[in-house]
$ cat start06.csv   # CSV, C-alpha atoms
chain,number,residue,atom,x,y,z
A,184,MET,CA,0.0,0.0,0.0
A,185,GLY,CA,2.8,2.4,0.8
A,186,GLY,CA,4.4,1.8,-2.6
A,187,TYR,CA,1.0,2.4,-4.3
A,188,ILE,CA,0.5,5.7,-2.5
A,189,LEU,CA,4.0,6.8,-3.3
A,190,LYS,CA,3.4,6.0,-7.0
A,191,ARG,CA,0.2,8.0,-7.0
A,192,LEU,CA,1.9,11.0,-5.4
A,193,LEU,CA,4.7,10.9,-8.0
A,194,SER,CA,2.2,10.7,-10.8
A,195,ALA,CA,0.5,13.9,-9.5
A,196,ILE,CA,3.7,15.9,-10.0
A,197,PRO,CA,3.5,16.3,-13.8
A,198,VAL,CA,-0.2,16.9,-13.5
A,199,LEU,CA,0.3,19.8,-11.2
A,200,LEU,CA,3.2,21.1,-13.3
A,201,GLY,CA,1.0,21.0,-16.4
A,202,ILE,CA,-1.7,23.0,-14.4
A,203,THR,CA,0.8,25.7,-13.5
A,204,ILE,CA,1.8,26.0,-17.2
A,205,ILE,CA,-1.8,26.3,-18.4
A,206,VAL,CA,-2.8,28.8,-15.8
A,207,PHE,CA,0.2,30.9,-16.3
A,208,LEU,CA,-0.2,31.0,-20.1
A,209,ILE,CA,-3.9,31.7,-20.0
A,210,MET,CA,-3.3,34.7,-17.7
A,211,ALA,CA,-0.4,35.9,-19.9
A,212,LEU,CA,-2.5,35.7,-23.1
A,213,ILE,CA,-5.4,37.8,-21.7
A,214,PRO,CA,-5.5,41.1,-23.7
A,215,GLY,CA,-4.5,44.3,-22.0
A,216,ASP,CA,-1.8,45.4,-19.7
A,217,PRO,CA,-2.1,44.1,-16.2
A,218,ALA,CA,-0.2,47.0,-14.7
A,219,THR,CA,-2.6,49.5,-16.3
A,220,ALA,CA,-5.6,47.5,-15.0
A,221,ILE,CA,-4.1,47.4,-11.5
A,222,LEU,CA,-3.1,51.1,-11.3
A,223,GLY,CA,-6.4,52.4,-12.8
A,224,SER,CA,-6.5,56.2,-12.8
A,225,TYR,CA,-2.9,56.3,-11.6
A,226,ALA,CA,-1.7,54.5,-14.7
A,227,THR,CA,0.8,57.0,-15.9
A,228,PRO,CA,3.6,55.8,-18.2
A,229,GLU,CA,6.1,56.1,-15.3
A,230,ASN,CA,3.9,54.2,-12.8
A,231,VAL,CA,3.1,51.5,-15.4
A,232,GLU,CA,6.8,51.0,-16.1
A,233,ARG,CA,7.7,50.9,-12.4
A,234,LEU,CA,5.0,48.4,-11.6
A,235,ASN,CA,5.9,46.2,-14.6
A,236,ARG,CA,9.5,46.1,-13.4
A,237,HIS,CA,8.3,45.3,-9.8
A,238,LEU,CA,6.1,42.5,-11.0
A,239,GLY,CA,8.7,41.1,-13.4
A,240,LEU,CA,6.4,41.7,-16.3
A,241,ASP,CA,9.3,43.2,-18.3
A,242,GLU,CA,11.1,39.9,-18.3
A,243,PRO,CA,10.7,37.3,-21.1
A,244,LEU,CA,7.6,35.0,-20.6
A,245,TRP,CA,9.6,31.9,-19.9
A,246,ARG,CA,11.6,33.7,-17.2
A,247,GLN,CA,8.4,35.1,-15.6
A,248,TYR,CA,7.1,31.5,-15.4
A,249,PHE,CA,10.1,30.0,-13.7
A,250,ILE,CA,10.3,32.9,-11.2
A,251,TRP,CA,6.7,32.4,-10.3
A,252,LEU,CA,7.1,28.6,-10.2
A,253,GLY,CA,10.2,28.9,-8.0
A,254,ASN,CA,8.3,31.1,-5.6
A,255,LEU,CA,5.4,28.6,-5.5
A,256,LEU,CA,7.7,25.8,-4.6
A,257,GLN,CA,8.9,27.9,-1.6
A,258,GLY,CA,5.3,28.5,-0.5
A,259,ASP,CA,5.3,32.1,-1.7
A,260,PHE,CA,2.2,32.7,-3.8
A,261,GLY,CA,3.0,36.4,-4.2
A,262,ARG,CA,1.1,39.4,-2.9
A,263,SER,CA,-2.3,40.6,-4.1
A,264,PHE,CA,-2.2,44.2,-5.3
A,265,ALA,CA,-6.0,44.6,-5.2
A,266,LEU,CA,-6.2,43.4,-1.5
A,267,ASN,CA,-2.7,44.4,-0.4
A,268,ARG,CA,-2.1,41.1,1.4
A,269,PRO,CA,-0.3,37.8,0.7
A,270,VAL,CA,-2.1,35.7,-1.8
A,271,LEU,CA,-1.8,32.5,0.3
A,272,ASP,CA,-3.3,34.2,3.3
A,273,GLU,CA,-6.3,35.3,1.3
A,274,ILE,CA,-6.8,31.9,-0.3
A,275,LEU,CA,-6.7,30.1,3.1
A,276,ASP,CA,-9.2,32.6,4.6
A,277,ARG,CA,-11.6,32.0,1.7
A,278,PHE,CA,-11.0,28.3,1.3
A,279,SER,CA,-12.6,27.5,4.7
A,280,ALA,CA,-15.9,28.9,3.4
A,281,THR,CA,-15.6,27.0,0.1
A,282,LEU,CA,-14.7,23.8,2.0
A,283,ILE,CA,-17.9,24.1,4.1
A,284,LEU,CA,-20.0,24.7,1.0
A,285,ALA,CA,-18.4,22.1,-1.3
A,286,GLY,CA,-17.9,19.6,1.5
A,287,THR,CA,-21.6,19.7,2.5
A,288,ALA,CA,-22.7,19.5,-1.2
A,289,PHE,CA,-20.4,16.5,-1.8
A,290,VAL,CA,-21.7,14.7,1.3
A,291,LEU,CA,-25.3,15.3,0.2
A,292,CYS,CA,-24.8,14.2,-3.4
A,293,SER,CA,-22.8,11.1,-2.4
A,294,LEU,CA,-25.4,9.9,0.2
A,295,LEU,CA,-28.5,10.8,-1.8
A,296,GLY,CA,-27.0,9.7,-5.1
A,297,ILE,CA,-25.9,6.2,-3.8
A,298,LEU,CA,-29.2,5.8,-2.0
A,299,ALA,CA,-31.2,6.7,-5.1
A,300,GLY,CA,-29.1,4.4,-7.3
A,301,VAL,CA,-29.4,1.4,-4.9
A,302,VAL,CA,-33.2,1.8,-4.5
A,303,SER,CA,-33.6,2.2,-8.2
A,304,ALA,CA,-31.6,-0.9,-9.0
A,305,ALA,CA,-33.3,-3.0,-6.3
A,306,ARG,CA,-36.7,-2.0,-7.7
A,307,GLN,CA,-35.8,-2.1,-11.4
A,308,TYR,CA,-38.7,-1.1,-13.7
A,309,GLY,CA,-40.9,-0.6,-10.7
A,310,PHE,CA,-42.6,2.7,-9.7
A,311,ALA,CA,-39.7,3.7,-7.4
A,312,ASP,CA,-37.2,3.2,-10.3
A,313,LYS,CA,-39.3,5.2,-12.7
A,314,ALA,CA,-39.9,8.0,-10.2
A,315,ILE,CA,-36.2,8.3,-9.3
A,316,THR,CA,-35.2,8.2,-12.9
A,317,PHE,CA,-37.6,11.1,-13.7
A,318,VAL,CA,-36.3,13.2,-10.8
A,319,VAL,CA,-32.7,12.4,-11.6
A,320,ILE,CA,-33.0,13.4,-15.3
A,321,LEU,CA,-34.8,16.5,-14.3
A,322,GLY,CA,-32.1,17.4,-11.8
A,323,ILE,CA,-29.3,16.8,-14.3
A,324,SER,CA,-31.0,19.0,-16.9
A,325,VAL,CA,-31.4,22.1,-14.7
A,326,PRO,CA,-28.3,24.3,-14.4
A,327,SER,CA,-27.2,24.8,-10.8
A,328,PHE,CA,-27.0,28.5,-11.1
A,329,PHE,CA,-30.6,28.7,-12.5
A,330,LEU,CA,-31.9,26.4,-9.8
A,331,GLY,CA,-30.1,28.6,-7.2
A,332,MET,CA,-31.9,31.7,-8.4
A,333,MET,CA,-35.2,29.9,-8.4
A,334,MET,CA,-34.6,28.8,-4.9
A,335,ILE,CA,-33.9,32.3,-3.8
A,336,LEU,CA,-37.1,33.6,-5.4
A,337,LEU,CA,-39.2,30.8,-3.8
A,338,PHE,CA,-37.7,30.0,-0.4
A,339,ALA,CA,-36.0,33.4,0.4
A,340,VAL,CA,-38.2,36.0,-1.2
A,341,GLN,CA,-41.6,34.4,-1.3
A,342,LEU,CA,-41.7,32.0,1.7
A,343,ARG,CA,-38.9,33.7,3.7
A,344,TRP,CA,-37.7,30.4,5.0
A,345,PHE,CA,-34.0,31.0,4.4
A,346,PRO,CA,-31.7,34.1,4.0
A,347,VAL,CA,-31.0,35.4,0.6
A,348,SER,CA,-27.3,35.5,0.6
A,349,GLY,CA,-24.1,35.4,2.7
A,350,MET,CA,-22.6,32.9,5.1
A,351,TYR,CA,-23.8,34.5,8.4
A,352,ALA,CA,-26.4,37.2,9.3
A,353,VAL,CA,-25.1,40.7,9.1
A,354,TRP,CA,-26.6,41.6,12.5
A,355,GLY,CA,-26.3,39.0,15.2
A,356,GLY,CA,-26.1,35.3,14.4
A,357,GLY,CA,-22.7,33.8,13.7
A,358,ASP,CA,-23.5,30.5,15.4
A,359,LEU,CA,-24.1,27.0,13.9
A,360,PRO,CA,-27.8,27.3,13.3
A,361,ASP,CA,-27.2,30.6,11.5
A,362,LEU,CA,-24.6,28.9,9.3
A,363,ILE,CA,-27.0,26.0,8.5
A,364,ARG,CA,-29.8,28.4,7.5
A,365,HIS,CA,-27.4,30.2,5.1
A,366,LEU,CA,-25.8,27.0,3.9
A,367,THR,CA,-29.0,25.0,3.0
A,368,MET,CA,-29.9,26.6,-0.3
A,369,PRO,CA,-26.4,26.9,-1.9
A,370,ALA,CA,-25.5,23.4,-0.8
A,371,LEU,CA,-28.6,21.9,-2.3
A,372,ALA,CA,-28.3,23.8,-5.5
A,373,LEU,CA,-24.7,22.8,-5.9
A,374,SER,CA,-25.4,19.1,-5.2
A,375,VAL,CA,-28.4,18.5,-7.5
A,376,VAL,CA,-26.5,17.8,-10.8
A,377,ALA,CA,-23.9,15.6,-9.0
A,378,THR,CA,-26.6,13.7,-7.2
A,379,GLY,CA,-28.2,12.8,-10.5
A,380,VAL,CA,-25.0,11.7,-12.1
A,381,ILE,CA,-24.0,9.5,-9.1
A,382,ALA,CA,-27.5,8.0,-8.9
A,383,ARG,CA,-27.5,7.0,-12.6
A,384,LEU,CA,-24.0,5.5,-12.4
A,385,SER,CA,-24.7,3.8,-9.0
A,386,ARG,CA,-27.8,2.2,-10.5
A,387,GLY,CA,-25.8,0.8,-13.4
A,388,ALA,CA,-23.1,-0.5,-11.1
A,389,MET,CA,-25.6,-2.1,-8.8
A,390,LEU,CA,-27.5,-3.8,-11.7
A,391,GLU,CA,-24.2,-5.3,-13.0
A,392,VAL,CA,-23.4,-6.6,-9.5
A,393,LEU,CA,-26.9,-8.0,-8.9
A,394,ARG,CA,-26.4,-10.2,-12.0
A,395,GLN,CA,-23.3,-11.8,-10.6
A,396,ASP,CA,-23.1,-15.5,-9.4
A,397,PHE,CA,-22.3,-14.7,-5.8
A,398,ILE,CA,-25.5,-12.7,-5.4
A,399,ARG,CA,-27.5,-15.6,-6.8
A,400,THR,CA,-25.7,-17.9,-4.4
A,401,ALA,CA,-26.4,-15.6,-1.4
A,402,ARG,CA,-30.1,-15.5,-2.3
A,403,ALA,CA,-30.2,-19.3,-2.8
A,404,LYS,CA,-28.8,-19.7,0.7
A,405,GLY,CA,-31.7,-17.7,2.1
A,406,VAL,CA,-29.8,-14.5,3.0
A,407,HIS,CA,-32.3,-11.7,3.7
A,408,GLU,CA,-32.8,-9.5,0.6
A,409,ARG,CA,-31.9,-6.3,2.5
A,410,ARG,CA,-28.5,-7.8,3.5
A,411,VAL,CA,-28.0,-9.0,-0.1
A,412,ILE,CA,-28.5,-5.5,-1.4
A,413,TRP,CA,-26.9,-3.3,1.2
A,414,GLY,CA,-24.3,-5.7,2.5
A,415,HIS,CA,-23.0,-7.8,-0.5
A,416,ALA,CA,-24.1,-5.9,-3.6
A,417,LEU,CA,-23.4,-2.4,-2.5
A,418,ARG,CA,-19.9,-3.2,-1.2
A,419,ALA,CA,-19.0,-4.8,-4.6
A,420,ALA,CA,-20.5,-1.9,-6.5
A,421,MET,CA,-18.6,0.6,-4.5
A,422,VAL,CA,-15.4,-0.3,-6.5
A,423,SER,CA,-17.1,1.2,-9.6
A,424,ILE,CA,-18.9,4.0,-7.7
A,425,ILE,CA,-15.9,5.5,-5.8
A,426,PRO,CA,-14.2,6.8,-9.0
A,427,VAL,CA,-17.4,8.5,-9.9
A,428,LEU,CA,-17.4,10.2,-6.5
A,429,GLY,CA,-13.9,11.5,-7.2
A,430,ILE,CA,-15.0,13.0,-10.5
A,431,GLN,CA,-18.0,14.6,-9.0
A,432,ALA,CA,-15.9,16.1,-6.2
A,433,GLY,CA,-14.1,18.1,-8.9
A,434,PHE,CA,-17.4,19.1,-10.4
A,435,VAL,CA,-18.7,20.3,-7.0
A,436,LEU,CA,-15.5,22.2,-6.3
A,437,SER,CA,-15.6,23.9,-9.7
A,438,GLY,CA,-19.3,24.5,-9.5
A,439,ALA,CA,-18.8,26.4,-6.2
A,440,VAL,CA,-17.6,29.3,-8.3
A,441,TYR,CA,-20.9,30.3,-9.8
A,442,ILE,CA,-23.0,29.1,-6.8
A,443,GLU,CA,-20.9,31.4,-4.6
A,444,MET,CA,-21.6,34.3,-6.9
A,445,VAL,CA,-25.4,33.5,-6.9
A,446,PHE,CA,-25.6,33.3,-3.2
A,447,GLN,CA,-22.8,35.8,-2.4
A,448,TRP,CA,-20.9,33.1,-0.5
A,449,PRO,CA,-17.5,34.4,0.7
A,450,GLY,CA,-15.4,31.6,-0.7
A,451,VAL,CA,-12.5,31.0,-3.2
A,452,GLY,CA,-14.9,31.0,-6.2
A,453,ARG,CA,-16.2,34.5,-5.5
A,454,MET,CA,-12.6,35.6,-4.8
A,455,LEU,CA,-11.4,34.3,-8.2
A,456,VAL,CA,-14.2,36.1,-10.1
A,457,ASP,CA,-13.4,39.4,-8.3
A,458,ALA,CA,-9.7,38.9,-9.0
A,459,ILE,CA,-10.3,38.3,-12.7
A,460,LEU,CA,-12.3,41.4,-13.0
A,461,LYS,CA,-9.5,43.4,-11.3
A,462,ARG,CA,-6.8,41.6,-13.3
A,463,ASP,CA,-5.1,40.5,-10.0
A,464,ILE,CA,-2.9,38.1,-11.8
A,465,LEU,CA,-1.1,36.5,-8.8
A,466,LEU,CA,-4.3,36.0,-6.9
A,467,VAL,CA,-6.0,34.3,-9.8
A,468,GLN,CA,-3.0,32.1,-10.5
A,469,GLY,CA,-2.5,31.2,-6.9
A,470,GLY,CA,-6.2,30.4,-6.4
A,471,VAL,CA,-6.5,28.2,-9.4
A,472,VAL,CA,-3.4,26.2,-8.6
A,473,PHE,CA,-4.4,25.8,-5.0
A,474,VAL,CA,-7.9,24.5,-5.9
A,475,ALA,CA,-6.4,22.2,-8.6
A,476,ALA,CA,-3.9,20.8,-6.0
A,477,CYS,CA,-6.8,20.1,-3.7
A,478,TYR,CA,-8.7,18.3,-6.4
A,479,VAL,CA,-5.6,16.2,-7.3
A,480,GLY,CA,-5.1,15.4,-3.7
A,481,PHE,CA,-8.7,14.3,-3.3
A,482,ASN,CA,-8.4,12.0,-6.3
A,483,ILE,CA,-5.4,10.3,-4.8
A,484,ILE,CA,-7.4,9.7,-1.6
A,485,VAL,CA,-10.2,8.2,-3.8
A,486,ASP,CA,-7.8,5.9,-5.6
A,487,VAL,CA,-6.4,4.7,-2.3
A,488,ALA,CA,-9.9,4.0,-1.0
A,489,GLN,CA,-10.7,2.1,-4.2
A,490,SER,CA,-7.6,0.0,-3.8
A,491,LEU,CA,-8.5,-0.9,-0.3
A,492,LEU,CA,-11.8,-2.3,-1.6
A,493,ASP,CA,-10.2,-4.0,-4.6
A,494,PRO,CA,-6.5,-4.9,-4.0
A,495,ARG,CA,-6.1,-5.9,-7.7
A,496,ILE,CA,-5.9,-2.2,-8.6
A,497,ARG,CA,-2.5,-1.9,-6.9
A,498,THR,CA,-0.9,-4.4,-9.2

$ encode --input "start06.csv" --output "structure tokens"
Amino acid sequence: MGGYILKRLLSAIPVLLGITIIVFLIMALIPGDPATAILGSYATPENVERLNRHLGLDEPLWRQYFIWLGNLLQGDFGRSFALNRPVLDEILDRFSATLILAGTAFVLCSLLGILAGVVSAARQYGFADKAITFVVILGISVPSFFLGMMMILLFAVQLRWFPVSGMYAVWGGGDLPDLIRHLTMPALALSVVATGVIARLSRGAMLEVLRQDFIRTARAKGVHERRVIWGHALRAAMVSIIPVLGIQAGFVLSGAVYIEMVFQWPGVGRMLVDAILKRDILLVQGGVVFVAACYVGFNIIVDVAQSLLDPRIRT
């Protein structure tokens, strides 16, 4: 197991390196002068030249990349000019909010998706299967940001059950019940599409397992159907379901960007959008690389969990 984990960690290095190259080139190819955008009304030729020299933007592109990469490897993500603070400090402050939102949405979509998939497979072609399939397809078809706006109109504006936006109440609050009230709508909106995908793929994995000989043998021995489904079949199907969870974790993390904008959630996604609009290059690059590294790390955890269920994967 130790060798397998080391192998996965080493394979993540070129992935992360490729991400840094793509992010750097995309930001470098955006039209316009970053120094002019940062300085705004103070963008005199002298100030622009001075800032370009300070940021290293007067260097060749390849040299800019290696300077930035070298700083990253030392844990220095640079300094945000728009916020006048270290990029890493801003990312870590915002990431806690994103982790709460994306983590809650991921738990919801995993539990609900697997539950729906198992029930649908166990009741194949029955009323439960048809009802779940209809709801799942409907959920997959509705964009999360549109669903979020509709939830705001219904549950916040019309019914006044939940707050419209933010993470905590502006006046008072700040405790766990207040957080849950603010978290409910964005987490549900973010989890709907992923829940549908997990449910459909879980159903397929369960149906394939339920046709296996060991399931027929368990039923022939008189094992209770509930134990056959939830004990034997689901455990075998999890080998195929776990990789899907890893993919959907990335979808949830990336989807948090527009959900945070819809609900004004103070996370990394909202930070990145604001940084792009302000041409805060170092903050955008640092934020994207940090989120990508988290996604790669989570996929390594998923691969390790899958190998624990099926040791053949390690070979």

$ residues_around --input "start06.csv" --residues "stretch 422-437 of chain A" --least-positions-apart "4" --cutoff "10 Å" --atoms "all atoms listed in the file" --output "PyMOL selection string"
chain A and resi 281-282+284-290+292-293+296-297+370+373-378+380-382+384-389+417-418+441-442+451-452+474-475+477-479+481-486+488-493+496

$ residues_near_point --input "start06.csv" --point "(-11.0, 35.3, 1.1)" --cutoff "8 Å" --atoms "only C-alpha atoms" --output "VMD selection string"
chain A and resid 273 to 278 449 to 451 454

$ closest_residue --input "start06.csv" --among "A:Met334, A:Met210, A:Ile323, A:Val467" --to "A:Phe260" --atoms "all atoms listed in the file"
A:Val467

$ atom_distance --input "start06.csv" --atom1 "atom CA of A:Val302" --atom2 "atom CA of A:Ile412"
9.2 Å

$ residues_near_point --input "start06.csv" --point "(-20.6, -6.6, -11.6)" --cutoff "9 Å" --atoms "only C-alpha atoms" --output "VMD selection string"
chain A and resid 388 to 395 416 419 to 420 423

$ closest_residue --input "start06.csv" --among "A:Ala352, A:Leu466, A:Met444, A:Val411" --to "A:Val301" --atoms "all atoms listed in the file"
A:Val411

$ atom_distance --input "start06.csv" --atom1 "atom CA of A:Gly438" --atom2 "atom CA of A:Phe328"
8.8 Å

$ closest_residue --input "start06.csv" --among "A:Gly480, A:Gly186, A:Pro369, A:Gly414" --to "A:Val440" --atoms "all atoms listed in the file"
A:Pro369

$ closest_residue --input "start06.csv" --among "A:Arg462, A:His407, A:Asn235, A:Ala476" --to "A:Leu192" --atoms "all atoms listed in the file"
A:Ala476

$ atom_distance --input "start06.csv" --atom1 "atom CA of A:Gly253" --atom2 "atom CA of A:Asp272"
18.4 Å

$ residues_around --input "start06.csv" --residues "A:Gly239" --least-positions-apart "4" --cutoff "12 Å" --atoms "all atoms listed in the file" --output "list in words"
Pro217, Ala218, Val231, Glu232, Arg233, Leu234, Asn235, Pro243, Leu244, Trp245, Arg246, Gln247, Tyr248, Phe249, Ile250, Trp251, Gly261 and Leu465 of chain A
